[in-house]
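Participant: To be precise about what I am sending: the file is called entry.tsv and holds TSV, C-alpha atoms and all ligand atoms.
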chain	number	residue	atom	x	y	z
A	1	MET	CA	-32.81	-10.54	-14.83
A	2	SER	CA	-33.14	-8.72	-11.51
A	3	ALA	CA	-34.33	-5.13	-11.30
A	4	THR	CA	-30.77	-3.94	-10.57
A	5	GLU	CA	-29.32	-5.76	-13.60
A	6	ALA	CA	-31.89	-4.44	-16.07
A	7	ALA	CA	-30.33	-2.76	-19.11
A	8	PRO	CA	-31.46	0.83	-19.65
A	9	THR	CA	-34.20	1.09	-22.21
A	10	SER	CA	-36.05	4.12	-23.43
A	11	ALA	CA	-39.33	2.32	-22.77
A	12	THR	CA	-38.80	2.77	-19.04
A	13	ARG	CA	-37.51	6.35	-19.11
A	14	LEU	CA	-38.89	8.47	-16.32
A	15	ALA	CA	-40.98	11.59	-16.56
A	16	GLY	CA	-39.03	14.74	-15.72
A	17	ARG	CA	-41.11	15.32	-12.60
A	18	MET	CA	-39.63	12.21	-10.95
A	19	SER	CA	-36.35	14.07	-10.48
A	20	ARG	CA	-38.22	16.39	-8.12
A	21	LEU	CA	-39.50	13.61	-5.87
A	22	GLY	CA	-37.42	12.99	-2.76
A	23	THR	CA	-37.63	10.17	-0.27
A	24	GLU	CA	-37.56	9.44	3.44
A	25	SER	CA	-34.03	8.54	4.49
A	26	ALA	CA	-35.33	6.68	7.53
A	27	PHE	CA	-36.33	3.89	5.17
A	28	GLU	CA	-32.90	3.95	3.46
A	29	VAL	CA	-31.04	3.74	6.76
A	30	LEU	CA	-33.38	0.94	7.83
A	31	ALA	CA	-32.46	-0.94	4.65
A	32	ARG	CA	-28.73	-0.46	5.36
A	33	ALA	CA	-29.23	-1.60	8.95
A	34	ARG	CA	-31.12	-4.70	7.77
A	35	ALA	CA	-28.30	-5.49	5.33
A	36	LEU	CA	-25.81	-5.29	8.22
A	37	GLU	CA	-28.02	-7.57	10.31
A	38	ALA	CA	-28.10	-10.06	7.45
A	39	THR	CA	-24.31	-10.37	7.84
A	40	GLY	CA	-24.78	-11.31	11.50
A	41	ARG	CA	-24.18	-7.87	13.08
A	42	ALA	CA	-26.51	-6.70	15.85
A	43	VAL	CA	-28.14	-3.33	15.23
A	44	ILE	CA	-30.13	-1.18	17.68
A	45	HIS	CA	-32.87	0.54	15.73
A	46	LEU	CA	-33.33	4.18	16.66
A	47	GLU	CA	-34.05	5.40	13.12
A	48	ILE	CA	-37.66	4.60	12.38
A	49	GLY	CA	-40.54	6.80	13.46
A	50	GLU	CA	-43.13	4.37	14.63
A	51	PRO	CA	-44.24	3.33	18.11
A	52	ASP	CA	-42.86	-0.08	19.07
A	53	PHE	CA	-46.10	-0.85	20.95
A	54	THR	CA	-48.77	-3.16	19.62
A	55	THR	CA	-52.12	-1.76	18.59
A	56	PRO	CA	-54.46	-1.96	21.63
A	57	ALA	CA	-56.47	-5.20	21.70
A	58	HIS	CA	-59.93	-3.60	21.57
A	59	ILE	CA	-58.98	-1.97	18.25
A	60	ILE	CA	-57.77	-5.24	16.76
A	61	ASP	CA	-60.98	-6.92	17.96
A	62	ALA	CA	-63.07	-4.25	16.24
A	63	ALA	CA	-61.24	-4.85	12.95
A	64	ALA	CA	-61.68	-8.62	13.21
A	65	GLU	CA	-65.36	-8.18	13.95
A	66	ALA	CA	-65.69	-5.76	11.01
A	67	LEU	CA	-64.07	-8.29	8.66
A	68	ARG	CA	-66.49	-10.97	9.79
A	69	SER	CA	-69.51	-8.71	9.46
A	70	GLY	CA	-68.85	-7.68	5.88
A	71	PHE	CA	-66.73	-4.50	5.93
A	72	THR	CA	-64.82	-5.88	3.00
A	73	HIS	CA	-66.16	-3.64	0.22
A	74	TYR	CA	-65.79	-0.12	-1.11
A	75	VAL	CA	-67.12	2.53	1.22
A	76	PRO	CA	-67.79	6.27	0.66
A	77	ALA	CA	-64.66	8.09	-0.58
A	78	PRO	CA	-64.35	10.60	2.28
A	79	GLY	CA	-64.87	7.91	4.91
A	80	LEU	CA	-67.60	6.00	6.74
A	81	PRO	CA	-70.20	8.50	8.01
A	82	GLU	CA	-70.00	6.97	11.50
A	83	LEU	CA	-66.21	7.44	11.52
A	84	ARG	CA	-66.39	11.05	10.32
A	85	GLU	CA	-68.85	11.67	13.14
A	86	ALA	CA	-66.63	9.89	15.67
A	87	VAL	CA	-63.71	12.09	14.57
A	88	THR	CA	-65.60	15.33	15.20
A	89	ALA	CA	-66.93	14.03	18.55
A	90	TRP	CA	-63.35	13.13	19.56
A	91	LEU	CA	-61.98	16.52	18.45
A	92	SER	CA	-64.71	18.25	20.43
A	93	ARG	CA	-64.29	16.03	23.53
A	94	THR	CA	-60.55	16.65	23.59
A	95	GLY	CA	-61.08	20.41	23.28
A	96	ARG	CA	-59.29	20.72	19.95
A	97	LEU	CA	-61.85	21.73	17.38
A	98	GLU	CA	-65.57	22.11	16.80
A	99	ALA	CA	-66.26	20.87	13.27
A	100	THR	CA	-69.05	19.17	11.38
A	101	PRO	CA	-68.47	15.61	10.07
A	102	ASP	CA	-68.79	16.75	6.45
A	103	ARG	CA	-65.43	18.54	6.80
A	104	VAL	CA	-63.58	15.33	7.72
A	105	ILE	CA	-61.83	13.22	5.08
A	106	VAL	CA	-60.31	9.87	6.05
A	107	THR	CA	-57.29	8.66	4.07
A	108	PRO	CA	-54.90	5.67	4.01
A	109	GLY	CA	-52.39	7.21	6.46
A	110	ALA	CA	-51.91	10.91	7.06
A	111	LYS	CA	-49.43	11.43	4.23
A	112	PRO	CA	-52.12	11.57	1.50
A	113	ILE	CA	-53.59	14.65	3.20
A	114	MET	CA	-50.36	16.49	2.33
A	115	TRP	CA	-50.55	15.29	-1.28
A	116	TYR	CA	-54.21	16.10	-1.76
A	117	LEU	CA	-53.94	19.54	-0.21
A	118	MET	CA	-50.93	20.58	-2.28
A	119	LEU	CA	-52.34	19.08	-5.47
A	120	ALA	CA	-55.69	20.78	-4.95
A	121	THR	CA	-54.44	24.24	-4.04
A	122	CYS	CA	-50.88	24.94	-5.19
A	123	GLU	CA	-50.14	26.13	-8.70
A	124	GLU	CA	-46.76	25.87	-10.37
A	125	GLY	CA	-44.55	28.61	-8.91
A	126	ASP	CA	-46.65	29.07	-5.77
A	127	GLU	CA	-44.53	29.10	-2.65
A	128	ILE	CA	-44.97	26.65	0.20
A	129	ILE	CA	-43.22	27.52	3.46
A	130	TYR	CA	-42.34	24.45	5.51
A	131	PRO	CA	-40.32	23.80	8.69
A	132	ASP	CA	-36.64	22.90	8.26
A	133	PRO	CA	-35.65	20.66	9.99
A	134	GLY	CA	-38.96	18.99	9.24
A	135	PHE	CA	-40.75	15.92	7.97
A	136	PRO	CA	-39.08	15.41	4.56
A	137	MET	CA	-42.32	14.80	2.68
A	138	TYR	CA	-43.40	18.45	2.87
A	139	GLU	CA	-40.52	19.59	0.66
A	140	SER	CA	-40.65	16.54	-1.59
A	141	ILE	CA	-44.38	16.81	-2.34
A	142	ALA	CA	-44.18	20.60	-2.73
A	143	ASP	CA	-41.38	20.20	-5.33
A	144	PHE	CA	-43.25	17.42	-7.09
A	145	VAL	CA	-46.40	19.47	-7.59
A	146	GLY	CA	-44.26	22.23	-9.12
A	147	ALA	CA	-44.45	24.64	-6.20
A	148	ARG	CA	-41.41	26.37	-4.74
A	149	ALA	CA	-40.54	24.87	-1.38
A	150	VAL	CA	-39.31	27.59	0.98
A	151	PRO	CA	-37.63	26.33	4.17
A	152	LEU	CA	-38.51	28.03	7.45
A	153	PRO	CA	-35.50	27.41	9.70
A	154	LEU	CA	-36.29	26.07	13.17
A	155	ARG	CA	-33.41	27.13	15.36
A	156	GLU	CA	-32.26	25.56	18.60
A	157	GLU	CA	-31.87	28.99	20.22
A	158	ASN	CA	-35.57	29.51	19.54
A	159	GLY	CA	-36.58	26.19	21.09
A	160	PHE	CA	-36.91	24.72	17.56
A	161	SER	CA	-40.13	26.73	17.11
A	162	PRO	CA	-40.88	29.04	14.17
A	163	ASP	CA	-39.60	32.57	14.67
A	164	PRO	CA	-42.44	34.88	13.55
A	165	ALA	CA	-40.02	37.58	12.36
A	166	GLU	CA	-38.13	35.10	10.21
A	167	LEU	CA	-41.40	33.68	8.91
A	168	ALA	CA	-42.59	37.20	8.02
A	169	SER	CA	-39.38	37.76	6.03
A	170	LEU	CA	-40.08	34.66	3.90
A	171	ILE	CA	-43.65	35.58	2.93
A	172	THR	CA	-44.03	36.96	-0.60
A	173	PRO	CA	-47.04	37.65	-2.84
A	174	ARG	CA	-46.55	34.08	-4.19
A	175	THR	CA	-46.78	32.41	-0.75
A	176	ARG	CA	-49.77	30.07	-0.87
A	177	LEU	CA	-49.39	27.54	1.92
A	178	LEU	CA	-47.69	27.47	5.32
A	179	VAL	CA	-46.96	24.06	6.82
A	180	LEU	CA	-46.70	23.75	10.60
A	181	ASN	CA	-45.97	20.65	12.66
A	182	SER	CA	-46.43	20.51	16.43
A	183	PRO	CA	-45.37	18.44	18.33
A	184	HIS	CA	-42.53	18.31	15.91
A	185	ASN	CA	-40.66	15.64	14.01
A	186	PRO	CA	-37.63	15.57	14.30
A	187	CYS	CA	-37.03	18.22	16.99
A	188	GLY	CA	-39.61	17.14	19.59
A	189	SER	CA	-40.55	20.80	20.10
A	190	ALA	CA	-44.10	22.05	20.58
A	191	MET	CA	-45.47	25.45	19.61
A	192	SER	CA	-46.71	27.61	22.49
A	193	LYS	CA	-49.98	29.52	22.49
A	194	GLN	CA	-47.98	32.71	21.80
A	195	ASP	CA	-46.16	31.05	18.87
A	196	CYS	CA	-49.51	29.99	17.43
A	197	GLU	CA	-51.02	33.47	17.81
A	198	ALA	CA	-48.05	35.17	16.14
A	199	VAL	CA	-48.00	32.71	13.24
A	200	ALA	CA	-51.80	32.82	12.84
A	201	GLU	CA	-51.70	36.62	12.71
A	202	LEU	CA	-49.25	36.43	9.79
A	203	ALA	CA	-51.34	33.80	8.02
A	204	MET	CA	-54.45	35.96	8.28
A	205	ARG	CA	-52.66	39.18	7.32
A	206	HIS	CA	-51.21	37.57	4.18
A	207	ASP	CA	-54.25	35.42	3.38
A	208	LEU	CA	-52.33	32.13	3.59
A	209	LEU	CA	-53.68	28.62	3.71
A	210	VAL	CA	-52.21	26.61	6.63
A	211	LEU	CA	-51.58	22.89	7.03
A	212	SER	CA	-51.35	22.06	10.72
A	213	ASP	CA	-49.75	18.63	11.06
A	214	GLU	CA	-50.70	17.44	14.55
A	215	VAL	CA	-50.04	13.75	14.06
A	216	TYR	CA	-48.09	13.69	17.38
A	217	TRP	CA	-50.86	15.47	19.27
A	218	ALA	CA	-51.21	12.73	21.88
A	219	VAL	CA	-47.49	12.36	22.54
A	220	ARG	CA	-46.95	15.45	24.66
A	221	TYR	CA	-45.10	15.55	27.99
A	222	SER	CA	-45.82	18.94	29.51
A	223	GLY	CA	-48.29	21.78	29.20
A	224	SER	CA	-51.34	21.61	27.00
A	225	HIS	CA	-51.39	21.30	23.25
A	226	ALA	CA	-51.55	24.59	21.35
A	227	SER	CA	-52.66	24.89	17.73
A	228	VAL	CA	-53.17	27.69	15.25
A	229	LEU	CA	-56.70	26.34	15.06
A	230	ASP	CA	-57.32	27.78	18.55
A	231	VAL	CA	-56.88	31.30	17.19
A	232	PRO	CA	-60.21	32.90	16.17
A	233	GLY	CA	-60.54	33.17	12.40
A	234	MET	CA	-58.13	30.33	11.60
A	235	THR	CA	-60.53	27.44	10.98
A	236	GLU	CA	-61.57	28.78	7.59
A	237	ARG	CA	-57.96	28.78	6.33
A	238	THR	CA	-56.47	25.79	8.17
A	239	VAL	CA	-56.40	22.10	7.37
A	240	LEU	CA	-55.91	19.89	10.43
A	241	LEU	CA	-53.88	16.76	9.72
A	242	ASP	CA	-53.96	13.92	12.25
A	243	GLY	CA	-54.24	10.17	12.24
A	244	TRP	CA	-54.06	6.90	14.05
A	245	SER	CA	-50.47	5.87	13.21
A	246	LYS	CA	-48.70	7.39	16.19
A	247	THR	CA	-51.43	7.80	18.82
A	248	TRP	CA	-52.68	4.22	18.69
A	249	ALA	CA	-49.54	2.54	17.30
A	250	MET	CA	-51.35	1.83	14.01
A	251	THR	CA	-48.75	2.70	11.36
A	252	GLY	CA	-49.47	-0.43	9.36
A	253	TRP	CA	-53.21	0.08	9.26
A	254	ARG	CA	-52.84	3.19	7.10
A	255	LEU	CA	-55.36	5.54	8.63
A	256	GLY	CA	-55.16	9.31	8.59
A	257	LEU	CA	-57.52	12.23	8.52
A	258	GLY	CA	-57.86	15.82	7.44
A	259	VAL	CA	-60.38	18.39	8.61
A	260	PHE	CA	-60.78	20.83	5.74
A	261	PRO	CA	-62.36	24.22	5.22
A	262	PRO	CA	-65.70	23.47	3.47
A	263	ALA	CA	-64.58	24.71	0.02
A	264	LEU	CA	-61.81	22.10	-0.12
A	265	VAL	CA	-63.88	19.04	0.77
A	266	GLU	CA	-65.29	18.33	-2.70
A	267	PRO	CA	-61.99	18.78	-4.62
A	268	VAL	CA	-60.08	16.66	-2.11
A	269	THR	CA	-62.78	13.97	-2.23
A	270	ARG	CA	-62.35	13.93	-6.03
A	271	LEU	CA	-58.62	13.36	-5.54
A	272	VAL	CA	-59.44	10.46	-3.18
A	273	ILE	CA	-61.77	8.94	-5.79
A	274	ASN	CA	-59.15	9.30	-8.51
A	275	SER	CA	-56.32	7.82	-6.46
A	276	VAL	CA	-57.47	5.25	-3.89
A	277	SER	CA	-61.31	5.21	-4.09
A	278	CYS	CA	-61.54	5.02	-0.30
A	279	THR	CA	-59.72	3.91	2.83
A	280	SER	CA	-59.90	0.26	3.90
A	281	ALA	CA	-63.39	-0.35	5.32
A	282	PHE	CA	-62.47	-2.63	8.22
A	283	SER	CA	-59.58	-0.32	9.22
A	284	GLN	CA	-62.13	2.46	9.49
A	285	ARG	CA	-64.25	0.38	11.88
A	286	ALA	CA	-61.13	-0.15	13.98
A	287	ALA	CA	-60.51	3.60	13.84
A	288	ILE	CA	-63.90	4.19	15.49
A	289	ALA	CA	-62.95	1.78	18.28
A	290	ALA	CA	-59.72	3.74	18.80
A	291	LEU	CA	-61.54	7.08	19.10
A	292	THR	CA	-64.32	5.85	21.35
A	293	GLY	CA	-62.51	3.20	23.42
A	294	PRO	CA	-60.52	3.40	26.67
A	295	GLY	CA	-57.75	5.98	26.87
A	296	GLU	CA	-55.43	3.94	29.12
A	297	PRO	CA	-53.36	2.27	26.37
A	298	VAL	CA	-52.41	5.69	24.96
A	299	GLU	CA	-51.67	7.06	28.44
A	300	GLN	CA	-49.45	4.05	29.20
A	301	MET	CA	-47.60	4.45	25.92
A	302	VAL	CA	-46.95	8.16	26.55
A	303	ALA	CA	-45.79	7.43	30.14
A	304	GLU	CA	-43.32	4.87	28.77
A	305	PHE	CA	-42.11	7.33	26.11
A	306	ARG	CA	-41.57	9.94	28.83
A	307	LYS	CA	-39.38	7.50	30.78
A	308	ARG	CA	-37.34	6.73	27.67
A	309	ARG	CA	-37.06	10.39	26.75
A	310	ASP	CA	-35.46	11.12	30.11
A	311	VAL	CA	-33.07	8.17	29.81
A	312	ILE	CA	-31.92	9.16	26.32
A	313	VAL	CA	-31.68	12.90	26.99
A	314	ASP	CA	-29.69	12.42	30.20
A	315	GLY	CA	-27.54	9.77	28.56
A	316	LEU	CA	-26.76	11.91	25.51
A	317	ASN	CA	-25.94	14.96	27.62
A	318	ALA	CA	-23.45	12.82	29.57
A	319	ILE	CA	-21.50	12.07	26.37
A	320	ASP	CA	-18.62	14.43	25.60
A	321	GLY	CA	-19.39	16.67	22.65
A	322	ILE	CA	-23.17	16.11	22.60
A	323	THR	CA	-25.82	18.49	23.89
A	324	CYS	CA	-29.47	17.55	23.81
A	325	VAL	CA	-32.58	19.63	24.45
A	326	ARG	CA	-35.33	17.80	26.41
A	327	PRO	CA	-38.22	17.42	23.94
A	328	GLU	CA	-41.78	18.37	24.81
A	329	GLY	CA	-43.48	15.91	22.51
A	330	ALA	CA	-43.24	13.18	19.84
A	331	PHE	CA	-40.70	10.38	20.40
A	332	TYR	CA	-37.52	11.83	18.95
A	333	VAL	CA	-34.46	13.59	20.33
A	334	PHE	CA	-32.46	15.96	18.17
A	335	PRO	CA	-29.05	16.35	19.83
A	336	SER	CA	-26.40	18.73	18.59
A	337	VAL	CA	-23.15	17.15	17.44
A	338	LYS	CA	-21.78	20.42	16.10
A	339	SER	CA	-18.78	20.27	18.43
A	340	PHE	CA	-17.29	17.43	16.36
A	341	GLY	CA	-17.07	19.66	13.30
A	342	ILE	CA	-17.94	16.70	11.08
A	343	PRO	CA	-20.93	16.43	8.71
A	344	SER	CA	-23.85	14.75	10.49
A	345	LYS	CA	-24.18	12.23	7.68
A	346	ARG	CA	-20.68	10.94	8.42
A	347	ILE	CA	-21.53	10.61	12.09
A	348	GLU	CA	-24.73	8.71	11.17
A	349	GLU	CA	-22.66	6.28	9.06
A	350	HIS	CA	-20.01	5.91	11.75
A	351	LEU	CA	-22.59	5.10	14.43
A	352	LEU	CA	-24.15	2.41	12.27
A	353	ASP	CA	-20.87	0.88	11.10
A	354	ARG	CA	-18.93	1.04	14.36
A	355	ALA	CA	-21.56	1.05	17.12
A	356	GLY	CA	-24.37	-0.84	15.40
A	357	VAL	CA	-26.71	2.05	16.25
A	358	ALA	CA	-29.08	3.16	13.51
A	359	ALA	CA	-29.85	6.88	13.83
A	360	LEU	CA	-30.48	9.59	11.26
A	361	SER	CA	-28.42	12.57	10.23
A	362	GLY	CA	-30.25	15.81	10.92
A	363	THR	CA	-29.81	16.61	7.22
A	364	ALA	CA	-32.40	13.90	6.45
A	365	PHE	CA	-34.82	16.62	7.61
A	366	GLY	CA	-33.41	19.51	5.60
A	367	GLN	CA	-30.30	21.66	5.32
A	368	HIS	CA	-30.89	23.25	8.73
A	369	GLY	CA	-30.54	19.83	10.32
A	370	GLU	CA	-26.76	19.92	9.75
A	371	GLY	CA	-24.95	19.55	13.04
A	372	TYR	CA	-27.69	17.37	14.56
A	373	LEU	CA	-28.73	13.73	14.73
A	374	ARG	CA	-32.18	12.28	15.23
A	375	PHE	CA	-32.69	9.32	17.50
A	376	SER	CA	-36.16	7.81	17.74
A	377	TYR	CA	-36.75	6.43	21.23
A	378	ALA	CA	-39.37	3.98	20.05
A	379	ASN	CA	-37.26	1.21	21.54
A	380	SER	CA	-36.88	-0.29	25.03
A	381	VAL	CA	-35.03	1.46	27.87
A	382	GLU	CA	-32.56	-1.42	27.82
A	383	ALA	CA	-31.87	-1.00	24.09
A	384	ILE	CA	-31.55	2.75	24.54
A	385	ARG	CA	-29.01	2.30	27.36
A	386	GLN	CA	-27.00	-0.14	25.21
A	387	ALA	CA	-27.10	2.31	22.31
A	388	LEU	CA	-25.89	5.16	24.52
A	389	ASP	CA	-22.93	3.08	25.73
A	390	ALA	CA	-22.06	2.09	22.17
A	391	VAL	CA	-22.32	5.67	20.90
A	392	ALA	CA	-20.15	6.96	23.75
A	393	ALA	CA	-17.55	4.29	22.96
A	394	VAL	CA	-17.19	5.05	19.24
A	395	LEU	CA	-17.47	8.84	19.09
A	396	PRO	CA	-13.85	9.42	20.20
A	397	GLU	CA	-12.71	7.35	17.18
A	398	LEU	CA	-14.45	9.89	15.00
A	399	GLU	CA	-12.43	12.74	16.43
A	400	ALA	CA	-9.29	10.70	15.97
A	401	THR	CA	-9.94	10.22	12.26
A	402	THR	CA	-10.33	13.91	11.42
B	1	LIG	C1	-44.77	14.86	11.09
B	1	LIG	C2	-45.40	13.68	10.46
B	1	LIG	N1	-46.54	13.83	9.75
B	1	LIG	C3	-47.13	12.79	9.16
B	1	LIG	C4	-46.60	11.53	9.23
B	1	LIG	C5	-47.26	10.42	8.45
B	1	LIG	O1	-48.07	9.60	9.18
B	1	LIG	P1	-48.80	8.35	8.49
B	1	LIG	O2	-47.98	7.16	8.80
B	1	LIG	O3	-50.14	8.30	9.16
B	1	LIG	O4	-48.92	8.59	7.02
B	1	LIG	C6	-45.43	11.31	9.94
B	1	LIG	C7	-44.84	9.96	10.00
B	1	LIG	O5	-43.70	9.76	10.37
B	1	LIG	C8	-44.81	12.41	10.57
B	1	LIG	O6	-43.67	12.28	11.27
Have the structure of the file written as structure tokens, please.
Facilitator:
Amino acid sequence: MSATEAAPTSATRLAGRMSRLGTESAFEVLARARALEATGRAVIHLEIGEPDFTTPAHIIDAAAEALRSGFTHYVPAPGLPELREAVTAWLSRTGRLEATPDRVIVTPGAKPIMWYLMLATCEEGDEIIYPDPGFPMYESIADFVGARAVPLPLREENGFSPDPAELASLITPRTRLLVLNSPHNPCGSAMSKQDCEAVAELAMRHDLLVLSDEVYWAVRYSGSHASVLDVPGMTERTVLLDGWSKTWAMTGWRLGLGVFPPALVEPVTRLVINSVSCTSAFSQRAAIAALTGPGEPVEQMVAEFRKRRDVIVDGLNAIDGITCVRPEGAFYVFPSVKSFGIPSKRIEEHLLDRAGVAALSGTAFGQHGEGYLRFSYANSVEAIRQALDAVAAVLPELEATT
């Protein structure tokens, strides 16, 4: 009997909390696209958020060498000491943060940092403010731990950055955690120094903990990166989330990191011990090679992303009914399709069915994503051009059917 045929039985009933756990629609759309491909249809994949580049060779070599030299066992829960040190040296060298290695915790991917932080600090009924549109896991994990997830709308007229006045209006005595993400998935926006100062001032005034998700730090096209961590007084209340997935095209290696205020290191380490014991030892050796090795592969990847960004933004803006802001970072565009007056989800389905283009409805990133689509440009310029032609060809059908 297959899993889908299984008869319901009370032995497999789910705990109530499972109804509060969401998912990432990118994986669902990918599954639908793969099903279409299995029927012989060609699909251009612009739905999944991972670099289409291969991990740089020196990093792969370091992992192979680590496997041969015995990094095949458990290692300390918060990470190899030499990796935690390499992380702080890298953060210092890149001008981001001065921190001691004992504040760094390495995890299998960056997602566990969100889990561990919310589990360790948020009580039932505490409020977690998160960006909407935003990475869907913030809301899902917040709900799952029993907190109240409070969306902070990111509006196009505000450059898809948090509006401090709107943020201030959402803060209550129950607000515990503020989640920020810059550069931003899905909008491609980046917070300015002034944005960071205004938000940091609110966090300090209301004694909030902050999660600063900077996983797209390296993928930035103009200006310099700004973080709330640059604002004096913020390091003691901010957790920096970063990782290797996007910067070094290492999504499958599962490597992420958090830099925590000292008081959170021991509780989060206990959560690591209870859940995964540690992060893969040979992956961690590869992570050191990434941090200390040549920067050219990352620079080349970002230069290629910049080229693709311009192709897709210009191409989308040339299509009737679409307007698209030029993103400052990450590898996503978030064009408005409001002029069609049709739910974004229907447009997503239409593009997949009729154009063979897999994209995501903006609502996959929260209610404030209605009226938008997300295209990931982690695909070749040629594929992007083909996708643009196909989208332009099928959108008029959509108008005709309403
Ligand atoms: C904003 C954001 N944070 C975190 C992650 C998770 O990264 P990882 O694959 O390292 O868990 C992603 C992945 O898409 C992301 O978009």
Participant: I'd like the interatomic distance between atom O6 of ligand LIG 1 (chain B) and atom CA of Asn185 of chain A, to a tenth of an Å.
Facilitator: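 These atoms are spaced 5.3 Å apart.
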Participant: Excluding segment 105-117 of chain A and residues on its chain fewer than 4 positions from it, collect all residues at most 9 Å away from it, counting all atoms listed in the file, and give them as a ChimeraX atom specification.
Facilitator: /A:77-80,83-84,101,121-122,137-138,141-142,145,211,213,215,239,241-245,251-260,264-265,267-269,271-272,276,278-280,284
Participant: Measuring between only C-alpha atoms and all ligand atoms, which one of A:Gly16, A:Pro261, A:Gly70, A:Pro186 shows the shortest distance to ligand LIG 1 (chain B)?
Facilitator: A:Pro186
Participant: Counting all atoms listed in the file, which residue out of A:Arg306, A:Lys246, A:Arg68, A:Arg285 sits closest to ligand LIG 1 (chain B)?
Facilitator: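 Distance minimum relative to ligand LIG 1 (chain B) lands on A:Lys246.
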Participant: Which residue out of A:Val231, A:Ala330, A:Ala281, A:Leu97 has the minimum interatomic distance to Asn181 of chain A when all atoms listed in the file are used?
Facilitator: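 The shortest atom-to-atom distance to Asn181 of chain A comes from A:Ala330.
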Participant: Would you compute the distance between atom CA of Ser361 of chain A and atom CA of Arg374 of chain A? Give it in Å to one decimal.
Facilitator: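 According to the coordinates, atom CA of Ser361 of chain A and atom CA of Arg374 of chain A are separated by 6.3 Å.
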